[in-house]
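Student: Next comes the structure file query-v5.cif, holding mmCIF, C-alpha atoms, pLDDT in the B column; chains and numbers go by the auth columns.
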data_upload
loop_
_atom_site.group_PDB
_atom_site.id
_atom_site.type_symbol
_atom_site.label_atom_id
_atom_site.label_comp_id
_atom_site.label_asym_id
_atom_site.label_seq_id
_atom_site.Cartn_x
_atom_site.Cartn_y
_atom_site.Cartn_z
_atom_site.B_iso_or_equiv
_atom_site.auth_seq_id
_atom_site.auth_asym_id
ATOM 1 C CA MET A 1 -24.992 94.877 -222.588 86.00 215 A
ATOM 2 C CA HIS A 2 -25.361 97.372 -225.418 89.00 216 A
ATOM 3 C CA LEU A 3 -22.307 99.282 -226.609 90.00 217 A
ATOM 4 C CA ASP A 4 -23.925 102.578 -225.583 89.00 218 A
ATOM 5 C CA GLU A 5 -24.109 101.399 -221.948 92.00 219 A
ATOM 6 C CA LEU A 6 -20.368 100.798 -221.745 93.00 220 A
ATOM 7 C CA ALA A 7 -19.569 104.353 -220.588 94.00 221 A
ATOM 8 C CA THR A 8 -21.589 103.722 -217.418 96.00 222 A
ATOM 9 C CA LYS A 9 -19.163 100.896 -216.506 96.00 223 A
ATOM 10 C CA VAL A 10 -15.969 102.993 -216.369 97.00 224 A
ATOM 11 C CA GLY A 11 -14.143 102.167 -213.150 97.00 225 A
ATOM 12 C CA GLU A 12 -16.107 98.948 -212.620 97.00 226 A
ATOM 13 C CA GLU A 13 -14.980 95.355 -212.703 97.00 227 A
ATOM 14 C CA LEU A 14 -16.694 93.379 -215.458 96.00 228 A
ATOM 15 C CA GLY A 15 -15.789 90.062 -213.871 96.00 229 A
ATOM 16 C CA VAL A 16 -13.251 87.360 -213.187 98.00 230 A
ATOM 17 C CA THR A 17 -12.434 84.492 -215.541 97.00 231 A
ATOM 18 C CA GLY A 18 -12.105 80.848 -214.601 97.00 232 A
ATOM 19 C CA TRP A 19 -8.703 79.348 -213.881 98.00 233 A
ATOM 20 C CA ILE A 20 -6.517 78.177 -216.785 98.00 234 A
ATOM 21 C CA SER A 21 -3.618 75.797 -216.218 98.00 235 A
ATOM 22 C CA VAL A 22 -0.319 76.812 -217.809 98.00 236 A
ATOM 23 C CA GLU A 23 1.428 73.590 -218.828 98.00 237 A
ATOM 24 C CA GLN A 24 4.801 72.921 -220.426 98.00 238 A
ATOM 25 C CA ASP A 25 3.314 72.051 -223.822 98.00 239 A
ATOM 26 C CA ARG A 26 1.790 75.544 -224.095 98.00 240 A
ATOM 27 C CA VAL A 27 5.137 77.097 -223.138 98.00 241 A
ATOM 28 C CA ASP A 28 7.015 74.919 -225.654 98.00 242 A
ATOM 29 C CA LEU A 29 4.609 75.805 -228.461 98.00 243 A
ATOM 30 C CA PHE A 30 5.013 79.501 -227.637 98.00 244 A
ATOM 31 C CA ALA A 31 8.806 79.085 -227.625 98.00 245 A
ATOM 32 C CA ASP A 32 8.602 77.488 -231.074 98.00 246 A
ATOM 33 C CA ALA A 33 6.311 80.227 -232.372 98.00 247 A
ATOM 34 C CA THR A 34 8.526 83.064 -231.121 98.00 248 A
ATOM 35 C CA GLY A 35 11.989 81.512 -231.288 98.00 249 A
ATOM 36 C CA ASP A 36 12.524 82.205 -227.572 98.00 250 A
ATOM 37 C CA HIS A 37 13.932 78.897 -226.286 98.00 251 A
ATOM 38 C CA GLN A 38 15.669 80.322 -223.210 97.00 252 A
ATOM 39 C CA TRP A 39 16.309 77.505 -220.717 98.00 253 A
ATOM 40 C CA ILE A 40 14.127 79.063 -217.992 98.00 254 A
ATOM 41 C CA HIS A 41 11.169 78.318 -220.283 98.00 255 A
ATOM 42 C CA VAL A 42 11.992 75.000 -221.953 98.00 256 A
ATOM 43 C CA ASP A 43 14.651 73.071 -219.982 98.00 257 A
ATOM 44 C CA ALA A 44 12.855 71.566 -216.968 96.00 258 A
ATOM 45 C CA GLU A 45 15.992 69.899 -215.573 96.00 259 A
ATOM 46 C CA LYS A 46 18.142 73.029 -215.651 98.00 260 A
ATOM 47 C CA ALA A 47 15.242 75.255 -214.526 98.00 261 A
ATOM 48 C CA ALA A 48 14.634 73.046 -211.464 97.00 262 A
ATOM 49 C CA SER A 49 17.928 74.315 -210.019 96.00 263 A
ATOM 50 C CA GLY A 50 17.445 77.838 -211.399 96.00 264 A
ATOM 51 C CA PRO A 51 16.080 80.970 -209.751 96.00 265 A
ATOM 52 C CA PHE A 52 12.399 79.944 -210.025 96.00 266 A
ATOM 53 C CA GLY A 53 12.705 76.244 -209.148 96.00 267 A
ATOM 54 C CA ALA A 54 10.901 75.203 -212.333 97.00 268 A
ATOM 55 C CA THR A 55 10.326 76.337 -215.888 98.00 269 A
ATOM 56 C CA ILE A 56 8.292 79.519 -216.233 98.00 270 A
ATOM 57 C CA ALA A 57 5.966 80.844 -218.901 98.00 271 A
ATOM 58 C CA HIS A 58 7.226 83.662 -221.089 98.00 272 A
ATOM 59 C CA GLY A 59 5.822 87.026 -219.998 98.00 273 A
ATOM 60 C CA TYR A 60 4.643 87.525 -223.555 98.00 274 A
ATOM 61 C CA LEU A 61 2.872 84.169 -223.412 98.00 275 A
ATOM 62 C CA THR A 62 0.868 85.425 -220.457 98.00 276 A
ATOM 63 C CA LEU A 63 0.123 88.618 -222.393 98.00 277 A
ATOM 64 C CA SER A 64 -0.855 86.593 -225.475 97.00 278 A
ATOM 65 C CA MET A 65 -3.568 84.902 -223.424 97.00 279 A
ATOM 66 C CA MET A 66 -5.526 88.189 -223.306 96.00 280 A
ATOM 67 C CA PRO A 67 -8.043 87.021 -225.941 94.00 281 A
ATOM 68 C CA ILE A 68 -8.859 84.029 -223.726 95.00 282 A
ATOM 69 C CA PHE A 69 -9.308 86.288 -220.709 96.00 283 A
ATOM 70 C CA LEU A 70 -11.165 89.118 -222.439 95.00 284 A
ATOM 71 C CA GLY A 71 -13.396 87.048 -224.732 92.00 285 A
ATOM 72 C CA PRO A 72 -16.189 86.453 -222.214 91.00 286 A
ATOM 73 C CA PHE A 73 -16.412 90.196 -221.546 92.00 287 A
ATOM 74 C CA MET A 74 -16.322 91.432 -225.153 91.00 288 A
ATOM 75 C CA GLU A 75 -19.823 90.540 -226.305 90.00 289 A
ATOM 76 C CA PHE A 76 -21.713 93.815 -226.782 92.00 290 A
ATOM 77 C CA ASP A 77 -24.919 94.485 -228.672 93.00 291 A
ATOM 78 C CA GLY A 78 -24.451 97.079 -231.400 94.00 292 A
ATOM 79 C CA VAL A 79 -20.925 95.956 -232.371 95.00 293 A
ATOM 80 C CA ALA A 80 -20.165 94.768 -235.905 95.00 294 A
ATOM 81 C CA MET A 81 -16.591 93.791 -235.032 95.00 295 A
ATOM 82 C CA SER A 82 -13.959 94.242 -232.379 94.00 296 A
ATOM 83 C CA LEU A 83 -10.362 95.010 -233.334 95.00 297 A
ATOM 84 C CA ASN A 84 -7.253 94.779 -231.174 95.00 298 A
ATOM 85 C CA TYR A 85 -5.935 98.332 -230.913 96.00 299 A
ATOM 86 C CA GLY A 86 -2.918 97.802 -228.652 97.00 300 A
ATOM 87 C CA VAL A 87 -1.934 97.393 -225.035 97.00 301 A
ATOM 88 C CA ASP A 88 -0.905 100.105 -222.573 97.00 302 A
ATOM 89 C CA LYS A 89 1.033 99.847 -219.312 96.00 303 A
ATOM 90 C CA VAL A 90 2.145 96.220 -219.495 98.00 304 A
ATOM 91 C CA ARG A 91 4.056 94.813 -216.524 98.00 305 A
ATOM 92 C CA PHE A 92 5.027 91.287 -215.422 98.00 306 A
ATOM 93 C CA PRO A 93 5.380 91.515 -211.610 98.00 307 A
ATOM 94 C CA HIS A 94 5.652 87.757 -210.943 98.00 308 A
ATOM 95 C CA PRO A 95 6.668 84.762 -213.071 98.00 309 A
ATOM 96 C CA VAL A 96 4.158 82.013 -213.870 98.00 310 A
ATOM 97 C CA ARG A 97 5.670 78.659 -212.970 98.00 311 A
ATOM 98 C CA VAL A 98 4.686 75.843 -215.305 98.00 312 A
ATOM 99 C CA GLY A 99 1.812 73.906 -213.743 98.00 313 A
ATOM 100 C CA SER A 100 0.323 77.049 -212.175 98.00 314 A
ATOM 101 C CA LYS A 101 -3.219 78.224 -212.780 98.00 315 A
ATOM 102 C CA VAL A 102 -3.974 81.776 -213.892 98.00 316 A
ATOM 103 C CA ARG A 103 -7.124 83.847 -214.224 98.00 317 A
ATOM 104 C CA ALA A 104 -7.899 87.490 -214.947 98.00 318 A
ATOM 105 C CA ARG A 105 -9.856 90.306 -213.355 98.00 319 A
ATOM 106 C CA VAL A 106 -11.222 92.545 -216.081 98.00 320 A
ATOM 107 C CA SER A 107 -12.438 96.110 -215.643 98.00 321 A
ATOM 108 C CA VAL A 108 -13.361 99.106 -217.784 98.00 322 A
ATOM 109 C CA VAL A 109 -10.736 101.866 -217.603 98.00 323 A
ATOM 110 C CA SER A 110 -12.086 104.239 -220.245 98.00 324 A
ATOM 111 C CA VAL A 111 -14.494 104.555 -223.148 97.00 325 A
ATOM 112 C CA GLU A 112 -13.697 107.058 -225.907 97.00 326 A
ATOM 113 C CA GLU A 113 -15.785 107.917 -228.968 95.00 327 A
ATOM 114 C CA LYS A 114 -13.779 107.692 -232.182 94.00 328 A
ATOM 115 C CA PRO A 115 -14.904 108.195 -235.799 93.00 329 A
ATOM 116 C CA GLN A 116 -14.637 104.433 -236.352 89.00 330 A
ATOM 117 C CA GLY A 117 -16.472 103.468 -233.143 93.00 331 A
ATOM 118 C CA ILE A 118 -15.652 103.184 -229.457 96.00 332 A
ATOM 119 C CA LEU A 119 -12.103 102.853 -228.143 97.00 333 A
ATOM 120 C CA LEU A 120 -12.384 100.686 -225.049 98.00 334 A
ATOM 121 C CA THR A 121 -9.496 100.567 -222.589 98.00 335 A
ATOM 122 C CA MET A 122 -9.727 97.664 -220.184 98.00 336 A
ATOM 123 C CA GLY A 123 -7.814 96.841 -217.052 98.00 337 A
ATOM 124 C CA CYS A 124 -6.617 93.262 -216.889 98.00 338 A
ATOM 125 C CA VAL A 125 -4.898 91.798 -213.838 98.00 339 A
ATOM 126 C CA VAL A 126 -3.717 88.228 -214.377 98.00 340 A
ATOM 127 C CA GLU A 127 -3.641 86.424 -211.045 98.00 341 A
ATOM 128 C CA ILE A 128 -1.727 83.245 -210.176 98.00 342 A
ATOM 129 C CA ASP A 129 -3.457 80.740 -207.918 98.00 343 A
ATOM 130 C CA GLY A 130 -1.818 80.911 -204.467 98.00 344 A
ATOM 131 C CA VAL A 131 0.470 83.873 -205.275 98.00 345 A
ATOM 132 C CA ASP A 132 -0.038 87.396 -203.901 98.00 346 A
ATOM 133 C CA LYS A 133 1.570 89.279 -206.806 98.00 347 A
ATOM 134 C CA PRO A 134 -0.062 89.245 -210.246 98.00 348 A
ATOM 135 C CA ALA A 135 1.594 87.624 -213.261 98.00 349 A
ATOM 136 C CA CYS A 136 0.646 90.469 -215.563 98.00 350 A
ATOM 137 C CA VAL A 137 -1.011 93.846 -215.292 98.00 351 A
ATOM 138 C CA ALA A 138 -2.027 95.445 -218.579 98.00 352 A
ATOM 139 C CA GLN A 139 -4.509 97.754 -220.255 98.00 353 A
ATOM 140 C CA PRO A 140 -5.652 96.127 -223.507 98.00 354 A
ATOM 141 C CA LEU A 141 -7.392 98.409 -225.993 97.00 355 A
ATOM 142 C CA ALA A 142 -10.150 97.391 -228.378 97.00 356 A
ATOM 143 C CA LEU A 143 -11.796 99.375 -231.143 97.00 357 A
ATOM 144 C CA LEU A 144 -15.457 98.440 -231.149 97.00 358 A
ATOM 145 C CA VAL A 145 -16.892 99.194 -234.575 96.00 359 A
ATOM 146 C CA ARG A 146 -20.595 99.969 -234.507 93.00 360 A
ATOM 147 C CA GLY A 147 -22.850 97.684 -236.468 88.00 361 A
#
Take the structure I supplied and represent it as structure tokens, if you would.
Tutor:
Amino acid sequence: MHLDELATKVGEELGVTGWISVEQDRVDLFADATGDHQWIHVDAEKAASGPFGATIAHGYLTLSMMPIFLGPFMEFDGVAMSLNYGVDKVRFPHPVRVGSKVRARVSVVSVEEKPQGILLTMGCVVEIDGVDKPACVAQPLALLVRG
């Protein structure tokens, strides 16, 4: 799709990603990267008797997976580069237990002309396989620089 067609997609779902398994090694690496070693994330034995029955992914880990989720939907003709611009309205309604699979539904929320290019606001709902509530609901923003 060409960048100039993006405005016609406001309010539409662009698609759904495949499932990605969230395993303990990913959680541990994220804990090391951020310094957040809270037991609910990294201590499987203690977490087994905790409130979630297992270790859970950090909410920010789920959010940090946005490039994986959005990547397949960010290829537009007429774009020289895409820059992360921020994230609006982030919520973590349900924890992701380690061993769960997640995927995302991606939609176009708004398209705004800026001097540098197009500011694209997407809707991203991260679903957990077998769970009714989403893991994360967010509106990532990307600045699409014309090329």
Student: Name the residues that the PyMOL selection byres ((chain A and resi 319) around 12) picks from the file above, as an MDAnalysis selection string, using the file's chain letters and numbers.
Tutor: chainID A and resid 226:233 280 283:284 286:287 316:318 320:322 336:342 348:353
Student: What does the file look like for those residues with C-alpha atoms, as a tab-separated table (two decimals), keeping the file's coordinate frame?
Tutor:
chain	number	residue	atom	x	y	z
A	226	GLU	CA	-16.11	98.95	-212.62
A	227	GLU	CA	-14.98	95.36	-212.70
A	228	LEU	CA	-16.69	93.38	-215.46
A	229	GLY	CA	-15.79	90.06	-213.87
A	230	VAL	CA	-13.25	87.36	-213.19
A	231	THR	CA	-12.43	84.49	-215.54
A	232	GLY	CA	-12.10	80.85	-214.60
A	233	TRP	CA	-8.70	79.35	-213.88
A	280	MET	CA	-5.53	88.19	-223.31
A	283	PHE	CA	-9.31	86.29	-220.71
A	284	LEU	CA	-11.16	89.12	-222.44
A	286	PRO	CA	-16.19	86.45	-222.21
A	287	PHE	CA	-16.41	90.20	-221.55
A	316	VAL	CA	-3.97	81.78	-213.89
A	317	ARG	CA	-7.12	83.85	-214.22
A	318	ALA	CA	-7.90	87.49	-214.95
A	320	VAL	CA	-11.22	92.54	-216.08
A	321	SER	CA	-12.44	96.11	-215.64
A	322	VAL	CA	-13.36	99.11	-217.78
A	336	MET	CA	-9.73	97.66	-220.18
A	337	GLY	CA	-7.81	96.84	-217.05
A	338	CYS	CA	-6.62	93.26	-216.89
A	339	VAL	CA	-4.90	91.80	-213.84
A	340	VAL	CA	-3.72	88.23	-214.38
A	341	GLU	CA	-3.64	86.42	-211.04
A	342	ILE	CA	-1.73	83.24	-210.18
A	348	PRO	CA	-0.06	89.24	-210.25
A	349	ALA	CA	1.59	87.62	-213.26
A	350	CYS	CA	0.65	90.47	-215.56
A	351	VAL	CA	-1.01	93.85	-215.29
A	352	ALA	CA	-2.03	95.44	-218.58
A	353	GLN	CA	-4.51	97.75	-220.26
Student: For a cutoff of 12 Å around the file-coordinate point (0.5, 84.3, -221.6), which residues qualify once you count all atoms listed in the file? I'd like the result as a VMD selection string.
Tutor: chain A and resid 234 to 237 240 to 241 243 to 245 270 to 283 306 309 to 312 314 to 318 340 to 342 349 to 352
Student: With only C-alpha atoms as the counted atoms, please give the residues lying no more than 7 Å from range 355-361 of chain A, apart from itself and same-chain residues fewer than 4 positions off, as a list in words.
Tutor: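 With the cut-off at 7 Å, the set is Gly292, Val293, Ala294, Met295, Ser296, Leu297, Asn298, Tyr299, Gly300, Val301, Gln330, Gly331, Ile332, Leu333, Leu334, Thr335 and Met336 of chain A.
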Student: Output C-alpha atoms of each residue in that selection to a file, as a compact mmCIF listing (two decimals), keeping the file's coordinate frame.
Tutor:
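Contents of again-v4.txt, freshly written:
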# COMPACT_ATOMS: atom_id res chain seq x y z
CA GLY A 292 -24.45 97.08 -231.40
CA VAL A 293 -20.92 95.96 -232.37
CA ALA A 294 -20.16 94.77 -235.90
CA MET A 295 -16.59 93.79 -235.03
CA SER A 296 -13.96 94.24 -232.38
CA LEU A 297 -10.36 95.01 -233.33
CA ASN A 298 -7.25 94.78 -231.17
CA TYR A 299 -5.94 98.33 -230.91
CA GLY A 300 -2.92 97.80 -228.65
CA VAL A 301 -1.93 97.39 -225.04
CA GLN A 330 -14.64 104.43 -236.35
CA GLY A 331 -16.47 103.47 -233.14
CA ILE A 332 -15.65 103.18 -229.46
CA LEU A 333 -12.10 102.85 -228.14
CA LEU A 334 -12.38 100.69 -225.05
CA THR A 335 -9.50 100.57 -222.59
CA MET A 336 -9.73 97.66 -220.18
Student: For Asp346 in chain A, which residue among A:Ile254, A:Ala268, A:Pro307, A:Glu219 is the nearest when counting only C-alpha atoms?
Tutor: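 Closest candidate: A:Pro307.
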Student: From the set A:Val325, A:Gly313, A:Asp218, A:Phe266, which residue has the shortest atom-to-atom contact distance to Asp239 in chain A, counting all atoms listed in the file?
Tutor: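 With all atoms listed in the file as the atom set, the closest residue is A:Gly313.
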Student: In Å to one decimal, how far is CA of Met288 in chain A from CA of Pro354 in chain A?
Tutor: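 Between CA of Pro354 in chain A and CA of Met288 in chain A the gap works out to 11.8 Å.
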Student: Rank nothing, just name the residue among A:Lys328, A:Gln252, A:Asp343, A:Glu289 nearest to His308 in chain A, using only C-alpha atoms.
Tutor: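 The closest residue to His308 in chain A is A:Asp343.
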Student: Could you check the closest approach to Gly225 in chain A for each of A:Ala261, A:His255, A:Lys347, A:Val323 and tell me which residue wins, using only C-alpha atoms?
Tutor: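 The closest residue to Gly225 in chain A is A:Val323.
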Student: What does the distance between CA of Ala262 in chain A and CA of Arg305 in chain A come to in Å, to one decimal place?
Tutor: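 Separation of CA of Ala262 in chain A and CA of Arg305 in chain A: 24.7 Å.
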Student: For CA of Gly267 in chain A and CA of Gly249 in chain A, determine how far apart the two atoms are, in Å to one decimal place.
Tutor: 22.8 Å
